[in-house]
$ cat target.cif   # mmCIF, C-alpha atoms
data_input
loop_
_atom_site.label_atom_id
_atom_site.label_comp_id
_atom_site.auth_asym_id
_atom_site.auth_seq_id
_atom_site.Cartn_x
_atom_site.Cartn_y
_atom_site.Cartn_z
CA MET A 126 14.50 -37.42 4.84
CA ASN A 127 17.36 -35.66 3.03
CA LYS A 128 17.99 -32.29 4.71
CA LEU A 129 17.97 -30.27 1.49
CA LEU A 130 14.71 -31.89 0.41
CA PHE A 131 13.21 -31.07 3.81
CA ILE A 132 14.22 -27.42 3.46
CA PHE A 133 12.74 -27.27 -0.03
CA LEU A 134 9.46 -28.81 1.10
CA CYS A 135 9.15 -26.42 4.03
CA PHE A 136 9.48 -23.41 1.78
CA SER A 137 7.22 -24.90 -0.89
CA LEU A 138 4.41 -24.82 1.67
CA LEU A 139 4.75 -21.05 2.18
CA PRO A 140 2.43 -20.04 -0.71
CA CYS A 141 -0.34 -22.14 0.81
CA LEU A 142 -0.11 -20.21 4.06
CA HIS A 143 -0.91 -16.79 2.61
CA SER A 144 -4.35 -15.46 3.43
CA GLN A 145 -6.47 -13.45 1.08
CA SER A 146 -5.77 -9.98 2.43
CA ASP A 147 -8.04 -7.09 1.47
CA ILE A 148 -4.87 -5.07 0.77
CA PRO A 149 -2.80 -6.29 -2.19
CA TYR A 150 0.56 -6.00 -0.45
CA GLY A 151 3.36 -5.97 -3.01
CA ASN A 152 1.05 -4.86 -5.84
CA ASN A 153 -0.82 -1.93 -4.35
CA PRO A 154 -1.09 1.11 -6.67
CA ASP A 155 -2.31 3.23 -3.76
CA ALA A 156 0.86 2.62 -1.75
CA GLY A 157 3.52 1.75 -4.33
CA LYS A 158 6.28 3.94 -5.77
CA TYR A 159 9.76 3.55 -7.27
CA PHE A 160 13.21 4.89 -6.52
CA ASP A 161 16.56 4.62 -8.27
CA SER A 162 19.53 2.84 -6.69
CA ASP A 163 22.65 2.95 -8.85
CA GLY A 164 20.58 2.87 -12.03
CA VAL A 165 18.24 0.07 -10.90
CA GLN A 166 14.55 0.86 -10.42
CA LEU A 167 13.34 -0.58 -7.12
CA TYR A 168 9.76 -0.73 -5.89
CA TYR A 169 8.47 0.09 -2.42
CA GLU A 170 5.21 0.61 -0.56
CA THR A 171 4.42 2.69 2.52
CA TYR A 172 1.71 2.24 5.16
CA GLY A 173 0.73 4.07 8.34
CA SER A 174 2.29 7.12 9.95
CA GLY A 175 4.74 7.89 12.72
CA ALA A 176 8.44 7.18 13.13
CA PRO A 177 9.86 5.42 10.05
CA LEU A 178 10.33 1.66 10.08
CA LEU A 179 11.91 -0.29 7.24
CA LEU A 180 10.62 -3.81 6.55
CA LEU A 181 12.94 -6.08 4.55
CA HIS A 182 11.54 -9.35 3.14
CA GLY A 183 13.15 -12.71 2.44
CA GLY A 184 14.39 -14.21 -0.80
CA VAL A 185 13.12 -16.56 -3.56
CA TYR A 186 9.64 -17.18 -2.08
CA GLY A 187 9.80 -13.92 -0.15
CA TYR A 188 8.19 -10.63 -1.01
CA ILE A 189 6.40 -7.71 0.65
CA ASP A 190 3.22 -9.74 1.11
CA GLU A 191 4.94 -12.17 3.48
CA PHE A 192 4.45 -9.42 6.09
CA GLU A 193 0.68 -9.26 5.56
CA TYR A 194 0.01 -9.95 9.25
CA LEU A 195 2.81 -7.70 10.52
CA ILE A 196 2.28 -4.58 8.39
CA PRO A 197 -1.15 -3.60 9.83
CA LYS A 198 0.14 -4.09 13.39
CA LEU A 199 3.16 -1.91 12.78
CA ALA A 200 1.23 0.68 10.77
CA GLU A 201 -0.75 1.55 13.90
CA HIS A 202 2.44 3.02 15.36
CA TYR A 203 4.92 3.64 12.52
CA GLN A 204 5.34 4.73 8.93
CA VAL A 205 6.11 1.28 7.51
CA ILE A 206 8.32 1.31 4.42
CA CYS A 207 8.40 -1.96 2.47
CA PRO A 208 10.95 -2.19 -0.38
CA ALA A 209 11.10 -5.05 -2.85
CA THR A 210 14.68 -6.25 -3.19
CA ARG A 211 16.37 -6.71 -6.55
CA GLY A 212 14.77 -9.45 -8.62
CA HIS A 213 11.69 -9.75 -6.41
CA GLY A 214 8.21 -8.62 -7.41
CA LYS A 215 8.11 -5.27 -9.16
CA SER A 216 11.80 -4.38 -8.69
CA GLU A 217 14.38 -4.69 -11.44
CA ILE A 218 17.22 -7.20 -11.17
CA GLY A 219 20.20 -5.08 -12.12
CA HIS A 220 23.42 -6.60 -13.48
CA GLU A 221 25.70 -6.68 -10.45
CA PRO A 222 26.09 -9.82 -8.30
CA PHE A 223 23.76 -9.91 -5.31
CA THR A 224 25.36 -9.28 -1.90
CA TYR A 225 24.00 -8.39 1.50
CA GLN A 226 26.02 -5.19 1.39
CA GLN A 227 24.29 -4.32 -1.88
CA ARG A 228 20.91 -4.86 -0.24
CA ALA A 229 21.93 -2.72 2.71
CA ASP A 230 23.12 -0.02 0.31
CA ASP A 231 19.83 -0.17 -1.60
CA ALA A 232 17.89 0.22 1.65
CA TYR A 233 20.03 3.18 2.64
CA GLN A 234 19.45 4.75 -0.79
CA LEU A 235 15.72 4.48 -0.12
CA LEU A 236 16.17 6.39 3.15
CA GLN A 237 18.10 9.07 1.26
CA HIS A 238 15.36 9.20 -1.38
CA LEU A 239 12.73 9.73 1.33
CA GLY A 240 14.83 12.25 3.24
CA LEU A 241 14.98 10.09 6.38
CA GLU A 242 17.90 10.24 8.78
CA LYS A 243 17.10 7.41 11.19
CA VAL A 244 14.98 4.28 10.96
CA ILE A 245 14.11 1.06 12.74
CA VAL A 246 14.79 -1.98 10.53
CA ILE A 247 12.95 -5.30 10.68
CA GLY A 248 14.07 -8.08 8.37
CA PHE A 249 13.28 -11.72 7.75
CA SER A 250 15.82 -14.24 6.38
CA ASP A 251 17.64 -12.40 3.54
CA GLY A 252 16.10 -9.22 4.91
CA GLY A 253 17.42 -10.02 8.39
CA TYR A 254 20.96 -10.32 7.08
CA ALA A 255 20.55 -7.12 5.09
CA ALA A 256 19.23 -5.39 8.23
CA MET A 257 22.29 -6.39 10.24
CA LYS A 258 24.62 -5.39 7.43
CA MET A 259 22.85 -2.04 7.19
CA ALA A 260 23.28 -1.46 10.94
CA ALA A 261 26.99 -2.24 10.60
CA LEU A 262 27.55 -0.03 7.56
CA TYR A 263 25.28 2.88 8.52
CA PRO A 264 25.25 2.97 12.33
CA ASP A 265 24.00 6.56 12.47
CA ALA A 266 20.94 5.69 10.38
CA VAL A 267 19.70 2.55 12.19
CA THR A 268 18.27 2.91 15.69
CA ARG A 269 17.40 -0.75 16.29
CA VAL A 270 17.05 -4.01 14.39
CA VAL A 271 14.77 -7.04 14.51
CA ALA A 272 16.34 -9.89 12.53
CA MET A 273 14.35 -13.11 12.03
CA GLY A 274 15.54 -16.38 10.53
CA VAL A 275 19.25 -15.54 10.78
CA GLY A 276 22.45 -16.71 12.46
CA GLU A 277 26.18 -16.59 12.14
CA ILE A 278 27.48 -17.77 8.74
CA PRO A 279 31.24 -18.26 9.14
CA GLN A 280 33.45 -19.83 6.50
CA ASP A 281 32.62 -23.48 5.67
CA SER A 282 29.52 -23.56 7.87
CA ARG A 283 26.69 -24.08 5.37
CA LEU A 284 24.25 -26.93 5.83
CA GLY A 285 23.96 -27.48 2.08
CA THR A 286 24.22 -25.95 -1.40
CA SER A 287 21.56 -23.70 -2.89
CA SER A 288 20.46 -24.72 -6.40
CA TYR A 289 17.17 -22.95 -7.11
CA SER A 290 15.99 -23.03 -10.73
CA ALA A 291 12.92 -21.80 -12.58
CA GLU A 292 12.04 -25.39 -13.51
CA SER A 293 12.12 -26.72 -9.95
CA LEU A 294 10.20 -23.79 -8.48
CA LEU A 295 7.48 -23.92 -11.13
CA ALA A 296 7.20 -27.67 -10.61
CA SER A 297 6.65 -27.22 -6.88
CA SER A 298 4.45 -24.09 -6.85
CA LYS A 299 3.36 -23.29 -10.40
CA ASP A 300 0.47 -20.89 -9.69
CA TYR A 301 2.43 -19.04 -7.02
CA PHE A 302 5.48 -18.33 -9.15
CA GLU A 303 3.47 -17.61 -12.29
CA SER A 304 1.72 -14.88 -10.29
CA ARG A 305 5.14 -13.59 -9.22
CA LEU A 306 6.38 -13.55 -12.80
CA LYS A 307 3.43 -11.35 -13.79
CA LEU A 308 4.72 -8.69 -11.39
CA MET A 309 8.32 -8.77 -12.58
CA PRO A 310 9.46 -6.07 -15.02
CA GLU A 311 12.02 -8.55 -16.46
CA PRO A 312 10.41 -12.02 -16.22
CA GLU A 313 12.63 -13.36 -19.00
CA ARG A 314 15.61 -12.91 -16.64
CA TRP A 315 14.15 -14.91 -13.74
CA GLY A 316 16.51 -17.85 -14.27
CA GLU A 317 19.45 -15.48 -14.26
CA CYS A 318 18.12 -13.90 -11.08
CA LEU A 319 17.84 -17.29 -9.37
CA GLN A 320 21.42 -18.11 -10.30
CA MET A 321 22.52 -14.82 -8.74
CA LEU A 322 20.59 -15.77 -5.59
CA ASN A 323 22.26 -19.20 -5.53
CA GLU A 324 25.66 -17.53 -5.70
CA LEU A 325 24.69 -15.21 -2.83
CA TYR A 326 23.50 -18.08 -0.64
CA ASN A 327 26.51 -20.27 -1.45
CA ASN A 328 29.16 -17.60 -0.88
CA ALA A 329 27.98 -14.89 1.52
CA LEU A 330 29.42 -14.75 5.03
CA MET A 331 27.91 -13.12 8.10
CA SER A 332 30.10 -13.17 11.16
CA LYS A 333 32.43 -11.10 13.33
CA GLU A 334 33.31 -8.68 10.54
CA THR A 335 29.67 -7.49 10.58
CA PHE A 336 28.56 -8.22 14.13
CA GLU A 337 31.33 -6.26 15.86
CA LYS A 338 30.32 -3.08 13.99
CA ILE A 339 26.68 -3.14 15.14
CA THR A 340 26.13 -0.68 17.98
CA CYS A 341 22.33 -0.42 18.12
CA PRO A 342 20.01 -2.82 20.00
CA VAL A 343 19.25 -5.98 18.02
CA LEU A 344 16.52 -8.57 18.60
CA LEU A 345 17.43 -11.94 17.09
CA MET A 346 14.39 -14.19 16.54
CA ASN A 347 14.32 -17.74 15.18
CA GLY A 348 12.25 -20.86 15.44
CA ASP A 349 13.96 -23.67 17.31
CA HIS A 350 13.55 -25.88 14.21
CA ASP A 351 14.81 -23.36 11.64
CA GLN A 352 15.86 -25.30 8.54
CA TYR A 353 18.53 -22.79 7.53
CA GLN A 354 20.20 -21.80 10.80
CA THR A 355 20.80 -23.89 13.89
CA VAL A 356 20.06 -22.57 17.35
CA ASP A 357 23.82 -22.66 17.95
CA ALA A 358 24.39 -20.34 14.96
CA LEU A 359 21.77 -17.93 16.29
CA VAL A 360 23.26 -17.96 19.79
CA SER A 361 26.73 -17.42 18.35
CA ALA A 362 25.50 -14.26 16.62
CA TYR A 363 23.83 -13.20 19.87
CA HIS A 364 27.13 -13.44 21.76
CA GLN A 365 28.96 -11.35 19.16
CA ILE A 366 26.50 -8.44 18.92
CA GLU A 367 27.02 -6.02 21.79
CA LYS A 368 23.39 -5.08 22.46
CA ALA A 369 21.63 -8.24 21.34
CA THR A 370 18.44 -9.76 22.76
CA LEU A 371 17.46 -13.33 21.94
CA SER A 372 14.02 -14.81 21.24
CA ILE A 373 13.54 -18.45 20.23
CA ILE A 374 10.03 -19.42 19.14
CA PRO A 375 9.36 -23.05 20.13
CA GLY A 376 8.00 -25.53 17.64
CA CYS A 377 8.66 -23.33 14.60
CA GLY A 378 10.85 -23.58 11.54
CA HIS A 379 12.16 -20.76 9.40
CA VAL A 380 8.93 -18.84 8.74
CA ILE A 381 8.04 -17.88 12.31
CA LEU A 382 5.52 -15.19 11.33
CA TYR A 383 3.30 -17.87 9.80
CA CYS A 384 4.08 -20.61 12.30
CA ASN A 385 3.24 -18.59 15.44
CA PHE A 386 2.56 -14.93 14.75
CA SER A 387 1.30 -14.22 18.27
CA ALA A 388 4.52 -15.44 19.88
CA ALA A 389 6.67 -13.53 17.42
CA TRP A 390 4.65 -10.33 17.93
CA ASP A 391 4.75 -10.70 21.71
CA SER A 392 8.56 -10.88 21.54
CA MET A 393 8.86 -8.02 19.07
CA ARG A 394 6.42 -5.56 20.62
CA PRO A 395 8.28 -4.77 23.88
CA PHE A 396 11.59 -4.54 22.00
CA LEU A 397 10.00 -1.91 19.76
CA GLU A 398 8.57 -0.27 22.90
CA ILE A 399 5.01 -0.58 21.66
CA LYS A 400 2.49 -0.38 24.49
CA GLU A 401 -0.86 -2.10 24.05
#

$ encode --input "target.cif" --output "structure tokens"
Amino acid sequence: MNKLLFIFLCFSLLPCLHSQSDIPYGNNPDAGKYFDSDGVQLYYETYGSGAPLLLLHGGVYGYIDEFEYLIPKLAEHYQVICPATRGHGKSEIGHEPFTYQQRADDAYQLLQHLGLEKVIVIGFSDGGYAAMKMAALYPDAVTRVVAMGVGEIPQDSRLGTSSYSAESLLASSKDYFESRLKLMPEPERWGECLQMLNELYNNALMSKETFEKITCPVLLMNGDHDQYQTVDALVSAYHQIEKATLSIIPGCGHVILYCNFSAAWDSMRPFLEIKE
């Protein structure tokens, strides 16, 4: 099977994996608020109490509700803060090109908005890259990072070209994306947003220039069959981050929290120093 088609099919299955949670994560009026980041209104939700923990979701298919299994576990020990990145769910798109530095800056602006000095950051896929970029740019604000579905992205290393479009996504998962569009404050700009995401995925780098600046402990977690990053790319990142720990979940692709939540949680829990 063509590799790009395989990647597309794997992500197209993600909507089918979501359970019917009693809590409407990502559209919860009891937990949701907005903050301003450089003139763009971004949405976030908070759950639980304790030390602050920032939870950064993935892109395109990703949103706050992808953490529906993880949020209640974390909320037993932390104040879990779940922002929606630009162009996802209830957040505005803005007009600047998407970058991982921009996402890190947005996350830091949320900390400033909430009056928080230090935070643990957990991110998946796009959110994992944003988490590492945030740790590099704001080392005094990030105490530790869990990054899932990531790896080194040096120049000329991509496995393929991203070409998401509204037409292709609606054709593959019509009900899912129509429900997403109902949340968006600017649904008429979704195609523009997807093009901005394509440009991010086709041009962003994540390598030594970021890794060498990270001083906090980092847990890198991937499935051994991740469709976006090879095990070699993950291990390369591991070797370049000073205080990195590595966890590879066997038999899983990109979305490890849905493939084997128990294994992912068992790797994450001791790193976060959660005793059960």

$ closest_residue --input "target.cif" --among "A:Tyr326, A:Tyr203, A:Trp390, A:Tyr383" --to "Pro222 (chain A)" --atoms "only C-alpha atoms"
A:Tyr326

$ closest_residue --input "target.cif" --among "A:Glu170, A:Ile196, A:Lys299, A:Ser287" --to "Leu239 (chain A)" --atoms "all atoms listed in the file"
A:Glu170

$ residues_around --input "target.cif" --residues "Leu195 (chain A)" --least-positions-apart "5" --cutoff "9 Å" --atoms "all atoms listed in the file" --output "ChimeraX atom specification"
/A:200,382,386,390

$ closest_atom_pairs --input "target.cif" --of "region 239-315 of chain A" --to "region 338-345 of chain A" --cutoff "10 Å" --atoms "only C-alpha atoms" --output "JSON lines"
{"residue": "A:Ile245", "atom": "CA", "partner": "A:Cys341", "partner_atom": "CA", "distance": 9.9}
{"residue": "A:Val246", "atom": "CA", "partner": "A:Val343", "partner_atom": "CA", "distance": 9.6}
{"residue": "A:Ile247", "atom": "CA", "partner": "A:Leu344", "partner_atom": "CA", "distance": 9.3}
{"residue": "A:Gly253", "atom": "CA", "partner": "A:Leu345", "partner_atom": "CA", "distance": 8.9}
{"residue": "A:Ala256", "atom": "CA", "partner": "A:Val343", "partner_atom": "CA", "distance": 9.8}
{"residue": "A:Met257", "atom": "CA", "partner": "A:Ile339", "partner_atom": "CA", "distance": 7.3}
{"residue": "A:Lys258", "atom": "CA", "partner": "A:Ile339", "partner_atom": "CA", "distance": 8.3}
{"residue": "A:Met259", "atom": "CA", "partner": "A:Ile339", "partner_atom": "CA", "distance": 8.9}
{"residue": "A:Ala260", "atom": "CA", "partner": "A:Ile339", "partner_atom": "CA", "distance": 5.7}
{"residue": "A:Ala261", "atom": "CA", "partner": "A:Ile339", "partner_atom": "CA", "distance": 4.6}
{"residue": "A:Leu262", "atom": "CA", "partner": "A:Lys338", "partner_atom": "CA", "distance": 7.6}
{"residue": "A:Tyr263", "atom": "CA", "partner": "A:Ile339", "partner_atom": "CA", "distance": 9.1}
{"residue": "A:Pro264", "atom": "CA", "partner": "A:Thr340", "partner_atom": "CA", "distance": 6.8}
{"residue": "A:Asp265", "atom": "CA", "partner": "A:Cys341", "partner_atom": "CA", "distance": 9.1}
{"residue": "A:Ala266", "atom": "CA", "partner": "A:Cys341", "partner_atom": "CA", "distance": 10.0}
{"residue": "A:Val267", "atom": "CA", "partner": "A:Cys341", "partner_atom": "CA", "distance": 7.1}
{"residue": "A:Thr268", "atom": "CA", "partner": "A:Cys341", "partner_atom": "CA", "distance": 5.8}
{"residue": "A:Arg269", "atom": "CA", "partner": "A:Pro342", "partner_atom": "CA", "distance": 5.0}
{"residue": "A:Val270", "atom": "CA", "partner": "A:Val343", "partner_atom": "CA", "distance": 4.7}
{"residue": "A:Val271", "atom": "CA", "partner": "A:Leu344", "partner_atom": "CA", "distance": 4.7}
{"residue": "A:Ala272", "atom": "CA", "partner": "A:Leu345", "partner_atom": "CA", "distance": 5.1}
{"residue": "A:Met273", "atom": "CA", "partner": "A:Leu345", "partner_atom": "CA", "distance": 6.0}
{"residue": "A:Gly274", "atom": "CA", "partner": "A:Leu345", "partner_atom": "CA", "distance": 8.1}
{"residue": "A:Val275", "atom": "CA", "partner": "A:Leu345", "partner_atom": "CA", "distance": 7.5}
{"residue": "A:Gly276", "atom": "CA", "partner": "A:Leu345", "partner_atom": "CA", "distance": 8.3}

$ atom_distance --input "target.cif" --atom1 "CA of Arg228 (chain A)" --atom2 "CA of Asp300 (chain A)"
27.6 Å

$ atom_distance --input "target.cif" --atom1 "CA of Thr224 (chain A)" --atom2 "CA of Gly252 (chain A)"
11.5 Å

$ closest_residue --input "target.cif" --among "A:Gln352, A:Gln234, A:Gln226, A:Thr210" --to "Met331 (chain A)" --atoms "all atoms listed in the file"
A:Gln226

$ atom_distance --input "target.cif" --atom1 "CA of Val244 (chain A)" --atom2 "CA of Ala176 (chain A)"
7.5 Å

$ closest_residue --input "target.cif" --among "A:Arg394, A:His202, A:Lys368, A:His182" --to "Tyr169 (chain A)" --atoms "all atoms listed in the file"
A:His182

$ closest_residue --input "target.cif" --among "A:Ser162, A:Thr171, A:Ser250, A:Ser290" --to "Gln227 (chain A)" --atoms "all atoms listed in the file"
A:Ser162

$ resolve_selection --input "target.cif" --expression "the PyMOL selection byres ((chain A and resi 164) around 12)" --output "list in words"
Tyr159, Phe160, Asp161, Ser162, Asp163, Val165, Gln166, Leu167, Arg211, Ser216, Glu217, Ile218, Gly219, His220, Glu221, Asp231 and Gln234 of chain A

$ resolve_selection --input "target.cif" --expression "the PyMOL selection byres ((chain A and resi 189) around 7)" --output "ChimeraX atom specification"
/A:150-151,182,188,190-192,207,209

$ closest_residue --input "target.cif" --among "A:Leu330, A:Ala291, A:Ile148, A:Val185" --to "Gly316 (chain A)" --atoms "all atoms listed in the file"
A:Ala291

$ residues_near_point --input "target.cif" --point "(0.7, 5.1, -2.1)" --cutoff "9 Å" --atoms "all atoms listed in the file" --output "NGL selection string"
:A and (153-158 or 170-172)

$ resolve_selection --input "target.cif" --expression "the PyMOL selection byres ((chain A and resi 400) around 12)" --output "PDB file with C-alpha atoms, in the coordinates of the input"
ATOM      1  CA  LYS A 198       0.140  -4.090  13.390  1.00  0.00           C
ATOM      2  CA  LEU A 199       3.160  -1.910  12.780  1.00  0.00           C
ATOM      3  CA  GLU A 201      -0.750   1.550  13.900  1.00  0.00           C
ATOM      4  CA  HIS A 202       2.440   3.020  15.360  1.00  0.00           C
ATOM      5  CA  ASP A 391       4.750 -10.700  21.710  1.00  0.00           C
ATOM      6  CA  MET A 393       8.860  -8.020  19.070  1.00  0.00           C
ATOM      7  CA  ARG A 394       6.420  -5.560  20.620  1.00  0.00           C
ATOM      8  CA  PRO A 395       8.280  -4.770  23.880  1.00  0.00           C
ATOM      9  CA  PHE A 396      11.590  -4.540  22.000  1.00  0.00           C
ATOM     10  CA  LEU A 397      10.000  -1.910  19.760  1.00  0.00           C
ATOM     11  CA  GLU A 398       8.570  -0.270  22.900  1.00  0.00           C
ATOM     12  CA  ILE A 399       5.010  -0.580  21.660  1.00  0.00           C
ATOM     13  CA  GLU A 401      -0.860  -2.100  24.050  1.00  0.00           C
TER      14      GLU A 401
END
